[in-house]
Each structure stands twice: as structure tokens, then as C-alpha cells.
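**Q** My questions will all concern the structure given below.
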Amino acid sequence: MGFAVAVTLLSYRDHCHVTVNIDPDVIADPDLLAQHIHDSLGDLATSAEHHPGRT
């Protein structure tokens with residue numbers, strides 16, 4: 001048994017790295033998934049800019 005989506009997020013200092021692995025037999029529209037992840041990370045970055053110093 002495998003997985004449909006595996007997401008790894010690693011942050012260090014001012015950098016955040018995200019890796020996404022998908023099973024294309026399960027995820028019908030990987031580009032749409034990528035867009036949603038991109039948008040969500042943008043929202044997170046915007047929130048962080050409005051609340052500096054929060055961890």
C-alpha cells in the first residue's frame with residue numbers, strides 16, 4: 001500500500017522548503033493541487049509578514 005500525497009516541510013531560519021510527492025493514478029489534477037499549495041503558502045507568508053516575531 002502506498003500513498004496518494006506526501007508533503008514534507010522543512011524550515012530553517014528565514015527559509016522554508018516544501019516537497020510534494022504524488023501518485024498520479026490517484027491525483028487527477030496535479031497542477032491544481034500545486035496551485036492550491038502555492039496559494040496556501042502565499043497566505044501563510046502574508047500572515048507571517050503581518051505578525052513578525054511569532055513562532
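Labeling convention for the C-alpha cells: chains A, B, ... as they appear, residues from 1 per chain, ligands from 1 in order of appearance.
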Please list as a list in words every residue within 10 Å of region 8-20 of chain A, counting only C-alpha atoms and excluding residues in the same chain fewer than 6 positions away.
**A** Leu33, Ala34, Ile37 and Leu41 of chain A
**Q** Could you please write out, as number ranges by chain, every residue of region 15-44 of chain A that DSSP assigns to alpha helix (DSSP H)?
**A** A: 30-44
**Q** Output all heavy atoms for every residue in that selection, as an mmCIF file, in the first residue's frame.
**A**
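Now in part_39.cif:
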```cif
data_model
loop_
_atom_site.group_PDB
_atom_site.id
_atom_site.type_symbol
_atom_site.label_atom_id
_atom_site.label_comp_id
_atom_site.auth_asym_id
_atom_site.auth_seq_id
_atom_site.Cartn_x
_atom_site.Cartn_y
_atom_site.Cartn_z
ATOM 1 N N PRO A 30 -2.745 17.222 -10.863
ATOM 2 C CA PRO A 30 -1.616 17.652 -10.033
ATOM 3 C C PRO A 30 -1.317 19.146 -10.141
ATOM 4 O O PRO A 30 -0.854 19.751 -9.177
ATOM 5 C CB PRO A 30 -0.442 16.815 -10.535
ATOM 6 C CG PRO A 30 -0.868 16.241 -11.827
ATOM 7 C CD PRO A 30 -2.353 16.239 -11.852
ATOM 8 N N ASP A 31 -1.608 19.745 -11.273
ATOM 9 C CA ASP A 31 -1.380 21.185 -11.416
ATOM 10 C C ASP A 31 -2.310 21.979 -10.502
ATOM 11 O O ASP A 31 -1.906 22.990 -9.922
ATOM 12 C CB ASP A 31 -1.563 21.628 -12.870
ATOM 13 C CG ASP A 31 -0.473 21.101 -13.776
ATOM 14 O OD1 ASP A 31 0.663 20.894 -13.298
ATOM 15 O OD2 ASP A 31 -0.747 20.883 -14.970
ATOM 16 N N LEU A 32 -3.536 21.516 -10.358
ATOM 17 C CA LEU A 32 -4.477 22.187 -9.460
ATOM 18 C C LEU A 32 -4.020 22.034 -8.008
ATOM 19 O O LEU A 32 -4.061 23.000 -7.233
ATOM 20 C CB LEU A 32 -5.887 21.617 -9.633
ATOM 21 C CG LEU A 32 -6.981 22.238 -8.760
ATOM 22 C CD1 LEU A 32 -7.125 23.730 -9.048
ATOM 23 C CD2 LEU A 32 -8.293 21.506 -8.976
ATOM 24 N N LEU A 33 -3.568 20.846 -7.643
ATOM 25 C CA LEU A 33 -3.029 20.640 -6.300
ATOM 26 C C LEU A 33 -1.850 21.573 -6.055
ATOM 27 O O LEU A 33 -1.764 22.221 -5.011
ATOM 28 C CB LEU A 33 -2.608 19.183 -6.111
ATOM 29 C CG LEU A 33 -1.919 18.866 -4.784
ATOM 30 C CD1 LEU A 33 -2.847 19.124 -3.610
ATOM 31 C CD2 LEU A 33 -1.392 17.441 -4.789
ATOM 32 N N ALA A 34 -0.950 21.668 -7.016
ATOM 33 C CA ALA A 34 0.210 22.551 -6.887
ATOM 34 C C ALA A 34 -0.226 24.004 -6.721
ATOM 35 O O ALA A 34 0.353 24.744 -5.909
ATOM 36 C CB ALA A 34 1.126 22.402 -8.098
ATOM 37 N N GLN A 35 -1.254 24.420 -7.440
ATOM 38 C CA GLN A 35 -1.738 25.798 -7.325
ATOM 39 C C GLN A 35 -2.316 26.057 -5.940
ATOM 40 O O GLN A 35 -2.066 27.109 -5.337
ATOM 41 C CB GLN A 35 -2.788 26.095 -8.396
ATOM 42 C CG GLN A 35 -3.221 27.547 -8.434
ATOM 43 C CD GLN A 35 -2.068 28.496 -8.727
ATOM 44 O OE1 GLN A 35 -1.347 28.308 -9.683
ATOM 45 N NE2 GLN A 35 -1.904 29.501 -7.894
ATOM 46 N N HIS A 36 -3.069 25.106 -5.409
ATOM 47 C CA HIS A 36 -3.627 25.268 -4.063
ATOM 48 C C HIS A 36 -2.517 25.350 -3.010
ATOM 49 O O HIS A 36 -2.602 26.157 -2.078
ATOM 50 C CB HIS A 36 -4.580 24.119 -3.727
ATOM 51 C CG HIS A 36 -5.910 24.221 -4.384
ATOM 52 N ND1 HIS A 36 -6.774 25.279 -4.191
ATOM 53 C CD2 HIS A 36 -6.541 23.392 -5.250
ATOM 54 C CE1 HIS A 36 -7.867 25.101 -4.893
ATOM 55 N NE2 HIS A 36 -7.755 23.949 -5.552
ATOM 56 N N ILE A 37 -1.507 24.510 -3.149
ATOM 57 C CA ILE A 37 -0.387 24.560 -2.206
ATOM 58 C C ILE A 37 0.330 25.901 -2.308
ATOM 59 O O ILE A 37 0.645 26.534 -1.307
ATOM 60 C CB ILE A 37 0.578 23.385 -2.454
ATOM 61 C CG1 ILE A 37 -0.109 22.070 -2.072
ATOM 62 C CG2 ILE A 37 1.882 23.565 -1.678
ATOM 63 C CD1 ILE A 37 0.641 20.827 -2.504
ATOM 64 N N HIS A 38 0.565 26.355 -3.530
ATOM 65 C CA HIS A 38 1.225 27.641 -3.761
ATOM 66 C C HIS A 38 0.422 28.777 -3.119
ATOM 67 O O HIS A 38 0.978 29.635 -2.422
ATOM 68 C CB HIS A 38 1.395 27.868 -5.261
ATOM 69 C CG HIS A 38 2.054 29.150 -5.607
ATOM 70 N ND1 HIS A 38 1.346 30.309 -5.854
ATOM 71 C CD2 HIS A 38 3.354 29.464 -5.740
ATOM 72 C CE1 HIS A 38 2.187 31.286 -6.124
ATOM 73 N NE2 HIS A 38 3.418 30.800 -6.065
ATOM 74 N N ASP A 39 -0.881 28.775 -3.350
ATOM 75 C CA ASP A 39 -1.740 29.824 -2.785
ATOM 76 C C ASP A 39 -1.723 29.790 -1.257
ATOM 77 O O ASP A 39 -1.655 30.835 -0.600
ATOM 78 C CB ASP A 39 -3.177 29.672 -3.287
ATOM 79 C CG ASP A 39 -3.308 29.939 -4.777
ATOM 80 O OD1 ASP A 39 -2.369 30.479 -5.389
ATOM 81 O OD2 ASP A 39 -4.378 29.572 -5.331
ATOM 82 N N SER A 40 -1.780 28.594 -0.694
ATOM 83 C CA SER A 40 -1.784 28.461 0.768
ATOM 84 C C SER A 40 -0.474 28.937 1.373
ATOM 85 O O SER A 40 -0.471 29.593 2.424
ATOM 86 C CB SER A 40 -2.034 27.008 1.159
ATOM 87 O OG SER A 40 -3.329 26.611 0.762
ATOM 88 N N LEU A 41 0.635 28.618 0.735
ATOM 89 C CA LEU A 41 1.923 29.094 1.245
ATOM 90 C C LEU A 41 2.027 30.606 1.126
ATOM 91 O O LEU A 41 2.619 31.260 1.987
ATOM 92 C CB LEU A 41 3.078 28.401 0.519
ATOM 93 C CG LEU A 41 3.237 26.916 0.847
ATOM 94 C CD1 LEU A 41 4.289 26.293 -0.053
ATOM 95 C CD2 LEU A 41 3.585 26.712 2.302
ATOM 96 N N GLY A 42 1.431 31.171 0.083
ATOM 97 C CA GLY A 42 1.387 32.628 -0.044
ATOM 98 C C GLY A 42 0.585 33.254 1.085
ATOM 99 O O GLY A 42 0.991 34.272 1.656
ATOM 100 N N ASP A 43 -0.550 32.636 1.433
ATOM 101 C CA ASP A 43 -1.352 33.120 2.563
ATOM 102 C C ASP A 43 -0.561 33.043 3.861
ATOM 103 O O ASP A 43 -0.620 33.960 4.698
ATOM 104 C CB ASP A 43 -2.639 32.304 2.700
ATOM 105 C CG ASP A 43 -3.614 32.516 1.557
ATOM 106 O OD1 ASP A 43 -3.451 33.506 0.799
ATOM 107 O OD2 ASP A 43 -4.536 31.682 1.420
ATOM 108 N N LEU A 44 0.162 31.955 4.031
ATOM 109 C CA LEU A 44 0.975 31.787 5.238
ATOM 110 C C LEU A 44 2.066 32.852 5.316
ATOM 111 O O LEU A 44 2.295 33.441 6.373
ATOM 112 C CB LEU A 44 1.595 30.392 5.251
ATOM 113 C CG LEU A 44 2.448 30.037 6.452
ATOM 114 C CD1 LEU A 44 1.624 30.083 7.731
ATOM 115 C CD2 LEU A 44 3.069 28.661 6.251
#
```
**Q** Pull the strand (DSSP E or B) assignments for chain A out of DSSP run on the backbone, and list those residues as a ChimeraX atom specification.
**A** /A:5-12,15-22
**Q** Generate the output file for the selected residues, N, CA and C atoms, as a PDB file, in the first residue's frame.
**A**
```pdb
ATOM      1  N   VAL A   5      -0.549  11.299  -1.493  1.00  0.00           N
ATOM      2  CA  VAL A   5       0.210  12.549  -1.396  1.00  0.00           C
ATOM      3  C   VAL A   5       1.117  12.479  -0.167  1.00  0.00           C
ATOM      4  N   ALA A   6       2.356  12.864  -0.345  1.00  0.00           N
ATOM      5  CA  ALA A   6       3.282  13.006   0.772  1.00  0.00           C
ATOM      6  C   ALA A   6       3.868  14.410   0.701  1.00  0.00           C
ATOM      7  N   VAL A   7       3.751  15.145   1.796  1.00  0.00           N
ATOM      8  CA  VAL A   7       4.241  16.521   1.848  1.00  0.00           C
ATOM      9  C   VAL A   7       5.258  16.627   2.981  1.00  0.00           C
ATOM     10  N   THR A   8       6.407  17.195   2.665  1.00  0.00           N
ATOM     11  CA  THR A   8       7.437  17.439   3.661  1.00  0.00           C
ATOM     12  C   THR A   8       7.736  18.929   3.680  1.00  0.00           C
ATOM     13  N   LEU A   9       7.745  19.514   4.873  1.00  0.00           N
ATOM     14  CA  LEU A   9       8.075  20.922   5.025  1.00  0.00           C
ATOM     15  C   LEU A   9       9.245  21.016   5.994  1.00  0.00           C
ATOM     16  N   LEU A  10      10.273  21.717   5.564  1.00  0.00           N
ATOM     17  CA  LEU A  10      11.454  21.923   6.401  1.00  0.00           C
ATOM     18  C   LEU A  10      11.722  23.419   6.454  1.00  0.00           C
ATOM     19  N   SER A  11      11.799  23.946   7.669  1.00  0.00           N
ATOM     20  CA  SER A  11      12.113  25.370   7.805  1.00  0.00           C
ATOM     21  C   SER A  11      13.390  25.526   8.619  1.00  0.00           C
ATOM     22  N   TYR A  12      14.155  26.524   8.241  1.00  0.00           N
ATOM     23  CA  TYR A  12      15.385  26.856   8.949  1.00  0.00           C
ATOM     24  C   TYR A  12      15.653  28.333   8.764  1.00  0.00           C
ATOM     25  N   HIS A  15      14.136  30.495   5.815  1.00  0.00           N
ATOM     26  CA  HIS A  15      13.833  29.702   4.620  1.00  0.00           C
ATOM     27  C   HIS A  15      12.865  28.574   4.955  1.00  0.00           C
ATOM     28  N   CYS A  16      12.028  28.281   3.998  1.00  0.00           N
ATOM     29  CA  CYS A  16      11.073  27.191   4.131  1.00  0.00           C
ATOM     30  C   CYS A  16      11.096  26.404   2.825  1.00  0.00           C
ATOM     31  N   HIS A  17      11.287  25.107   2.935  1.00  0.00           N
ATOM     32  CA  HIS A  17      11.335  24.243   1.755  1.00  0.00           C
ATOM     33  C   HIS A  17      10.203  23.232   1.851  1.00  0.00           C
ATOM     34  N   VAL A  18       9.485  23.080   0.746  1.00  0.00           N
ATOM     35  CA  VAL A  18       8.363  22.153   0.699  1.00  0.00           C
ATOM     36  C   VAL A  18       8.593  21.182  -0.447  1.00  0.00           C
ATOM     37  N   THR A  19       8.418  19.902  -0.148  1.00  0.00           N
ATOM     38  CA  THR A  19       8.500  18.866  -1.173  1.00  0.00           C
ATOM     39  C   THR A  19       7.166  18.135  -1.205  1.00  0.00           C
ATOM     40  N   VAL A  20       6.644  17.932  -2.398  1.00  0.00           N
ATOM     41  CA  VAL A  20       5.377  17.225  -2.553  1.00  0.00           C
ATOM     42  C   VAL A  20       5.590  16.077  -3.534  1.00  0.00           C
ATOM     43  N   ASN A  21       5.226  14.885  -3.106  1.00  0.00           N
ATOM     44  CA  ASN A  21       5.248  13.712  -3.973  1.00  0.00           C
ATOM     45  C   ASN A  21       3.822  13.194  -4.088  1.00  0.00           C
ATOM     46  N   ILE A  22       3.413  12.895  -5.307  1.00  0.00           N
ATOM     47  CA  ILE A  22       2.041  12.434  -5.515  1.00  0.00           C
ATOM     48  C   ILE A  22       2.030  11.140  -6.311  1.00  0.00           C
TER      49      ILE A  22
END
```
